[in-house]
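One structure is given here, and the rest of the page talks about it.
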Amino acid sequence: MQAFVTGLPKVELHLHIEGSLEPELMFELAKRNQVAIPFSSPDEVRAAYQFTNLQSFLDIYYQGANVLLTERDFFDLTWAYIERCAADNVRHCEIFFDPQTHTDRGVDFATVINGISAALTKAEHELAITSQIIMCFLRHLDETAAFATLEMALPFKDKIIGVGLDSSEQGNPPEKFARVFAHAKALGFLTVAHAGEEGPAQNIVDAIDMLQVSRVDHGVSCVQDPALVASLAASRMPLTVCPLSNTKLKVFEHMADHNIIELLRQGVCVTINSDDPAYFGGYMTANFMAVAQALTVSNTELAQLSLNAIEASFISRERKLELSQEVLSYLQQA
Ligand code: ADE
Ligand code: ZN
C-alpha cells in the first residue's frame with residue numbers, strides 16, 4: 001500500500017505555502033533575518049503544535065510567518081515544498097498564499113509573489129512539476145482590506161489564477177466577501193473558498209451561490225445536508241479535503257470517522273490535500289496513507305482521488321489528459 005500510494009501521480013489543490021514552513025526552516029530564517037521567536041529549538045516548536053480547533057492553529061501559524069521577510073525567504077519556503085512534491089510524485093500543485101499576513105507586516109506584495117513564483121518556475125523547468133498560484137483573503141479582516149489586497153494584486157495578475165478565502169470561518173460567512181469576489185470574477189480571476197470546515201453546510205451553499213466558486217476548500221460539513229451532497233455529486237463541484245488537517249483540528253476525532261470515502265462513493269468530486277503540512281504531520285503521501293490505513297479503500301479508489309484532483313484543477317485540457325493518462329497507466333501496472 002505504501003509503495004502504491006507513494007508512486008501514485010498526484011495533484012495538490014489545497015496547500016497554504018505559509019503552512020509548509022517546517023520548524024527547521026523557521027529557525028534558519030529567524031537567524032538569517034534576526035527575528036525573535038518564542039522557541040529554543042525546532043523540537044520545541046513541534047511540541048507546541050497541539051491544536052484544539054482551527055483558531056488555536058491559526059494563532060501559532062500567523063506567528064510562524066513572521067520570519068518570512070525577503071524574496072529569498074519566499075523562494076526557499078516554496079522550493080522546500082516543491083522538494084516534498086517531487087518525493088511524493090505530486091505532478092501539479094495549486095498553491096495558496098495569504099498576502100495580508102505579509103503586507104500587514106510591511107513586506108511588499110511583490111516580494112512575496114516574486115519569491116514564490118521564481119521557485120515554481122524552477123520547479124517546472126527542472127522537475128516538470130506544473131503549478132498555479134491562488135491568493136487568499138483573510139476572512140477575519142474586513143471587506144475594505146480585501147478590496148485593497150485585490151488592488152495590490154493587479155500588477156501581478158498574470159501570475160495569479162484565482163482568489164480564495166481562508167482563516168476563521170466561524171463568524172465570517174461567505175456573504176461578507178460577496179462584493180469583492182464579484183469584482184475579482186469580473187477582473188478574470190477564478191474563485192475558491194474555504195467553507196464547511198468548522199462552519200455549517202449553509203456556508204458551502206453560500207460559497208457556491210454568492211461567491212460563484214469553482215471549488216470548495218474542505219466542504220466536509222456537507223454531510224449535514226443530504227440534498228447538498230446530492231447536488232455536489234450531480235454538479236461535480238470539487239471539495240479539496242484535507243484529512244490530516246481535519247483530525248489535527250478536531251473536525252473529526254479519529255481518521256476512521258472521516259467522511260471522504262463515503263463522499264467519494266456517493267459520486268462527489270473529493271480530493272486529498274495537505275493544507276498546512278508542516279503543522280499537521282505530513283504532505284500528500286502521508287495524507288493518502290492516513291486515509292488508506294484508517295478506512296477500507298481500494299487502489300482504484302485511491303487513483304480516483306487523483307483523477308478527481310486533475311478534473312478539479314485549473315490546467316489546460318491537454319495537461320489534464322496527460323496527467324489522467326499517467327494515473328491510469330500507473331493503476332494498470334500496479
Ligand atoms: N489557513 C491556513 N490553513 C487554514 C485552514 N485549514 N482553514 C482556514 N484557514 C487556513
Ligand atoms: Zn486551508
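Residues in the C-alpha cells are numbered from 1 in each chain, the chains being A, B, ... in the order shown, and ligands are numbered from 1 in the order shown.
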Could you build a table of the residues in region 189-276 of chain A lying no more than 12 Å from region 6-19 of chain A, giving for each the nearest pair of atoms and their separation in Å rounded to one decimal place, using only C-alpha atoms, ordered by chain and ascending residue number, as JSON lines?
{"residue": "A:Val192", "atom": "CA", "partner": "A:His14", "partner_atom": "CA", "distance": 10.2}
{"residue": "A:Ala193", "atom": "CA", "partner": "A:His14", "partner_atom": "CA", "distance": 10.4}
{"residue": "A:His194", "atom": "CA", "partner": "A:His14", "partner_atom": "CA", "distance": 9.7}
{"residue": "A:Ser214", "atom": "CA", "partner": "A:Leu13", "partner_atom": "CA", "distance": 11.9}
{"residue": "A:Arg215", "atom": "CA", "partner": "A:Leu13", "partner_atom": "CA", "distance": 9.5}
{"residue": "A:Val216", "atom": "CA", "partner": "A:His14", "partner_atom": "CA", "distance": 9.9}
{"residue": "A:Asp217", "atom": "CA", "partner": "A:His14", "partner_atom": "CA", "distance": 7.0}
{"residue": "A:His218", "atom": "CA", "partner": "A:His14", "partner_atom": "CA", "distance": 8.7}
{"residue": "A:Pro238", "atom": "CA", "partner": "A:Leu13", "partner_atom": "CA", "distance": 10.2}
{"residue": "A:Leu239", "atom": "CA", "partner": "A:Leu13", "partner_atom": "CA", "distance": 9.6}
{"residue": "A:Thr240", "atom": "CA", "partner": "A:His14", "partner_atom": "CA", "distance": 6.1}
{"residue": "A:Val241", "atom": "CA", "partner": "A:His14", "partner_atom": "CA", "distance": 7.9}
{"residue": "A:Cys242", "atom": "CA", "partner": "A:His14", "partner_atom": "CA", "distance": 7.7}
{"residue": "A:Pro243", "atom": "CA", "partner": "A:His14", "partner_atom": "CA", "distance": 11.3}
{"residue": "A:Ser245", "atom": "CA", "partner": "A:Gly19", "partner_atom": "CA", "distance": 10.9}
{"residue": "A:Val270", "atom": "CA", "partner": "A:Leu13", "partner_atom": "CA", "distance": 11.0}
{"residue": "A:Thr271", "atom": "CA", "partner": "A:Leu13", "partner_atom": "CA", "distance": 8.1}
{"residue": "A:Ile272", "atom": "CA", "partner": "A:Glu12", "partner_atom": "CA", "distance": 7.3}
{"residue": "A:Asn273", "atom": "CA", "partner": "A:His14", "partner_atom": "CA", "distance": 5.5}
{"residue": "A:Ser274", "atom": "CA", "partner": "A:Leu15", "partner_atom": "CA", "distance": 6.0}
{"residue": "A:Asp275", "atom": "CA", "partner": "A:Leu15", "partner_atom": "CA", "distance": 4.4}
{"residue": "A:Asp276", "atom": "CA", "partner": "A:Gly19", "partner_atom": "CA", "distance": 3.9}
Excluding region 319-322 of chain A and residues on its chain fewer than 6 positions from it, collect all residues at most 12 Å away from it, counting only C-alpha atoms, and give them as a list in words. Pro9, Lys10, Val11, Arg91, His92, Ala128, Ile129, Thr130, Ser131, Ser306, Leu307, Asn308, Ala309, Ile310, Glu311, Ala312, Ser313, Leu328 and Ser329 of chain A
How would the residues just picked look written out with C-alpha atoms as a compact mmCIF listing (two decimals), in the first residue's frame?
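Output file part_34.txt is given in full below:
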# COMPACT_ATOMS: atom_id res chain seq x y z
CA PRO A 9 0.83 10.50 -9.57
CA LYS A 10 -0.84 13.24 -7.53
CA VAL A 11 -2.24 16.73 -7.84
CA ARG A 91 2.85 16.32 -10.68
CA HIS A 92 0.87 19.56 -10.39
CA ALA A 128 8.36 19.10 -14.75
CA ILE A 129 6.07 19.92 -11.83
CA THR A 130 3.45 22.43 -13.01
CA SER A 131 1.61 24.84 -10.74
CA SER A 306 -6.04 11.66 -8.08
CA LEU A 307 -8.26 11.71 -11.18
CA ASN A 308 -10.74 13.91 -9.28
CA ALA A 309 -7.96 16.38 -8.47
CA ILE A 310 -6.94 16.50 -12.13
CA GLU A 311 -10.57 17.13 -13.12
CA ALA A 312 -10.83 19.90 -10.48
CA SER A 313 -7.54 21.60 -11.34
CA LEU A 328 -4.44 5.28 -15.42
CA SER A 329 -1.19 3.67 -16.69
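Take the candidates A:Gly282, A:Leu68, A:Val297, A:Met26 and check each one against Glu44 (chain A) using only C-alpha atoms; the shortest distance goes to A:Met26.
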Which residues come within 10 Å of Gly64 (chain A), counting only C-alpha atoms, excluding same-chain residues fewer than 4 positions away, as a PyMOL selection string? chain A and resi 18-19+21-23+26-27+30+37-38+45+58-60+68
Have a look at A:Asn287, A:Thr247, A:Gln132, A:Ser298 and name the one nearest to ligand 1; count only C-alpha atoms and all ligand atoms. A:Thr247
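For the set A:Asp142, A:Ala201, A:Ile161, A:Met1, the residue with the smallest atom-to-atom gap to Phe177 (chain A) is A:Asp142, counting only C-alpha atoms.
On the backbone of this structure, DSSP gives helix (DSSP H, G or I) within region 191-229 of chain A to A:Ala201, A:Gln202, A:Asn203, A:Ile204, A:Val205, A:Asp206, A:Ala207, A:Ile208, A:Asp209, A:Met210, A:Val220, A:Ser221, A:Cys222, A:Val223, A:Gln224, A:Pro226, A:Ala227, A:Leu228, A:Val229.
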Prev. selection, all heavy atoms, output as a compact mmCIF listing (two decimals), in the first residue's frame:
# COMPACT_ATOMS: atom_id res chain seq x y z
N ALA A 201 -23.10 23.51 6.79
CA ALA A 201 -23.31 23.20 5.37
C ALA A 201 -23.80 24.44 4.62
O ALA A 201 -23.50 24.61 3.43
CB ALA A 201 -24.32 22.06 5.23
N GLN A 202 -24.54 25.31 5.30
CA GLN A 202 -25.05 26.52 4.64
C GLN A 202 -23.90 27.37 4.07
O GLN A 202 -24.06 28.01 3.03
CB GLN A 202 -25.88 27.36 5.64
CG GLN A 202 -26.60 28.54 5.01
CD GLN A 202 -27.61 28.11 3.91
OE1 GLN A 202 -28.32 27.13 4.07
NE2 GLN A 202 -27.63 28.84 2.79
N ASN A 203 -22.74 27.36 4.73
CA ASN A 203 -21.59 28.13 4.19
C ASN A 203 -21.14 27.58 2.83
O ASN A 203 -20.64 28.33 1.99
CB ASN A 203 -20.41 28.09 5.17
CG ASN A 203 -20.57 29.11 6.29
OD1 ASN A 203 -21.58 29.81 6.36
ND2 ASN A 203 -19.59 29.18 7.18
N ILE A 204 -21.31 26.27 2.64
CA ILE A 204 -20.93 25.66 1.35
C ILE A 204 -21.92 26.13 0.28
O ILE A 204 -21.51 26.56 -0.81
CB ILE A 204 -20.93 24.11 1.47
CG1 ILE A 204 -19.94 23.67 2.55
CG2 ILE A 204 -20.64 23.47 0.12
CD1 ILE A 204 -20.02 22.19 2.89
N VAL A 205 -23.20 26.07 0.62
CA VAL A 205 -24.25 26.55 -0.30
C VAL A 205 -23.97 28.01 -0.66
O VAL A 205 -24.01 28.40 -1.83
CB VAL A 205 -25.65 26.40 0.36
CG1 VAL A 205 -26.73 27.03 -0.52
CG2 VAL A 205 -25.95 24.94 0.64
N ASP A 206 -23.65 28.83 0.36
CA ASP A 206 -23.44 30.27 0.12
C ASP A 206 -22.16 30.54 -0.67
O ASP A 206 -22.12 31.46 -1.49
CB ASP A 206 -23.42 31.03 1.45
CG ASP A 206 -24.80 31.04 2.10
OD1 ASP A 206 -25.79 30.70 1.41
OD2 ASP A 206 -24.89 31.37 3.30
N ALA A 207 -21.11 29.75 -0.43
CA ALA A 207 -19.88 29.93 -1.21
C ALA A 207 -20.16 29.66 -2.69
O ALA A 207 -19.66 30.36 -3.56
CB ALA A 207 -18.77 29.02 -0.69
N ILE A 208 -20.97 28.63 -2.95
CA ILE A 208 -21.30 28.29 -4.34
C ILE A 208 -22.19 29.38 -4.95
O ILE A 208 -21.93 29.86 -6.06
CB ILE A 208 -21.98 26.89 -4.40
CG1 ILE A 208 -20.98 25.81 -3.97
CG2 ILE A 208 -22.52 26.61 -5.80
CD1 ILE A 208 -21.57 24.44 -3.71
N ASP A 209 -23.23 29.78 -4.21
CA ASP A 209 -24.21 30.74 -4.78
C ASP A 209 -23.70 32.18 -4.77
O ASP A 209 -23.90 32.90 -5.73
CB ASP A 209 -25.53 30.68 -3.99
CG ASP A 209 -26.23 29.34 -4.17
OD1 ASP A 209 -25.84 28.59 -5.10
OD2 ASP A 209 -27.14 29.04 -3.39
N MET A 210 -23.09 32.60 -3.65
CA MET A 210 -22.75 34.02 -3.52
C MET A 210 -21.34 34.34 -4.01
O MET A 210 -21.06 35.47 -4.39
CB MET A 210 -22.83 34.45 -2.04
CG MET A 210 -24.21 34.35 -1.46
SD MET A 210 -24.16 34.94 0.23
CE MET A 210 -25.83 34.63 0.73
N VAL A 220 -16.35 19.44 4.18
CA VAL A 220 -16.77 18.15 4.77
C VAL A 220 -18.07 18.22 5.56
O VAL A 220 -18.72 17.20 5.79
CB VAL A 220 -15.64 17.54 5.64
CG1 VAL A 220 -14.49 17.07 4.76
CG2 VAL A 220 -15.14 18.54 6.69
N SER A 221 -18.49 19.44 5.97
CA SER A 221 -19.77 19.53 6.70
C SER A 221 -20.97 19.40 5.77
O SER A 221 -22.11 19.47 6.22
CB SER A 221 -19.85 20.84 7.52
OG SER A 221 -20.10 21.93 6.68
N CYS A 222 -20.74 19.17 4.48
CA CYS A 222 -21.86 18.97 3.53
C CYS A 222 -22.75 17.81 3.95
O CYS A 222 -23.93 17.80 3.63
CB CYS A 222 -21.35 18.76 2.11
SG CYS A 222 -20.39 17.25 1.89
N VAL A 223 -22.17 16.83 4.69
CA VAL A 223 -22.98 15.65 5.07
C VAL A 223 -24.14 16.01 6.00
O VAL A 223 -25.06 15.22 6.17
CB VAL A 223 -22.11 14.54 5.72
CG1 VAL A 223 -21.15 13.95 4.70
CG2 VAL A 223 -21.38 15.03 6.96
N GLN A 224 -24.11 17.22 6.57
CA GLN A 224 -25.25 17.67 7.40
C GLN A 224 -26.49 17.86 6.55
O GLN A 224 -27.59 18.00 7.08
CB GLN A 224 -24.92 19.02 8.06
CG GLN A 224 -23.80 19.01 9.06
CD GLN A 224 -23.30 20.43 9.38
OE1 GLN A 224 -23.83 21.42 8.88
NE2 GLN A 224 -22.29 20.52 10.23
N PRO A 226 -28.21 16.25 3.22
CA PRO A 226 -28.20 15.24 2.13
C PRO A 226 -28.54 15.82 0.76
O PRO A 226 -27.99 15.38 -0.25
CB PRO A 226 -29.25 14.22 2.58
CG PRO A 226 -29.34 14.40 4.07
CD PRO A 226 -29.07 15.86 4.35
N ALA A 227 -29.39 16.83 0.72
CA ALA A 227 -29.73 17.43 -0.59
C ALA A 227 -28.51 18.13 -1.17
O ALA A 227 -28.28 18.12 -2.39
CB ALA A 227 -30.88 18.42 -0.43
N LEU A 228 -27.69 18.73 -0.30
CA LEU A 228 -26.46 19.38 -0.77
C LEU A 228 -25.49 18.34 -1.31
O LEU A 228 -24.89 18.53 -2.38
CB LEU A 228 -25.82 20.19 0.38
CG LEU A 228 -24.45 20.79 0.09
CD1 LEU A 228 -24.47 21.75 -1.10
CD2 LEU A 228 -23.89 21.51 1.34
N VAL A 229 -25.35 17.21 -0.60
CA VAL A 229 -24.44 16.15 -1.08
C VAL A 229 -24.88 15.68 -2.47
O VAL A 229 -24.05 15.55 -3.38
CB VAL A 229 -24.38 14.96 -0.08
CG1 VAL A 229 -23.57 13.81 -0.66
CG2 VAL A 229 -23.81 15.40 1.26
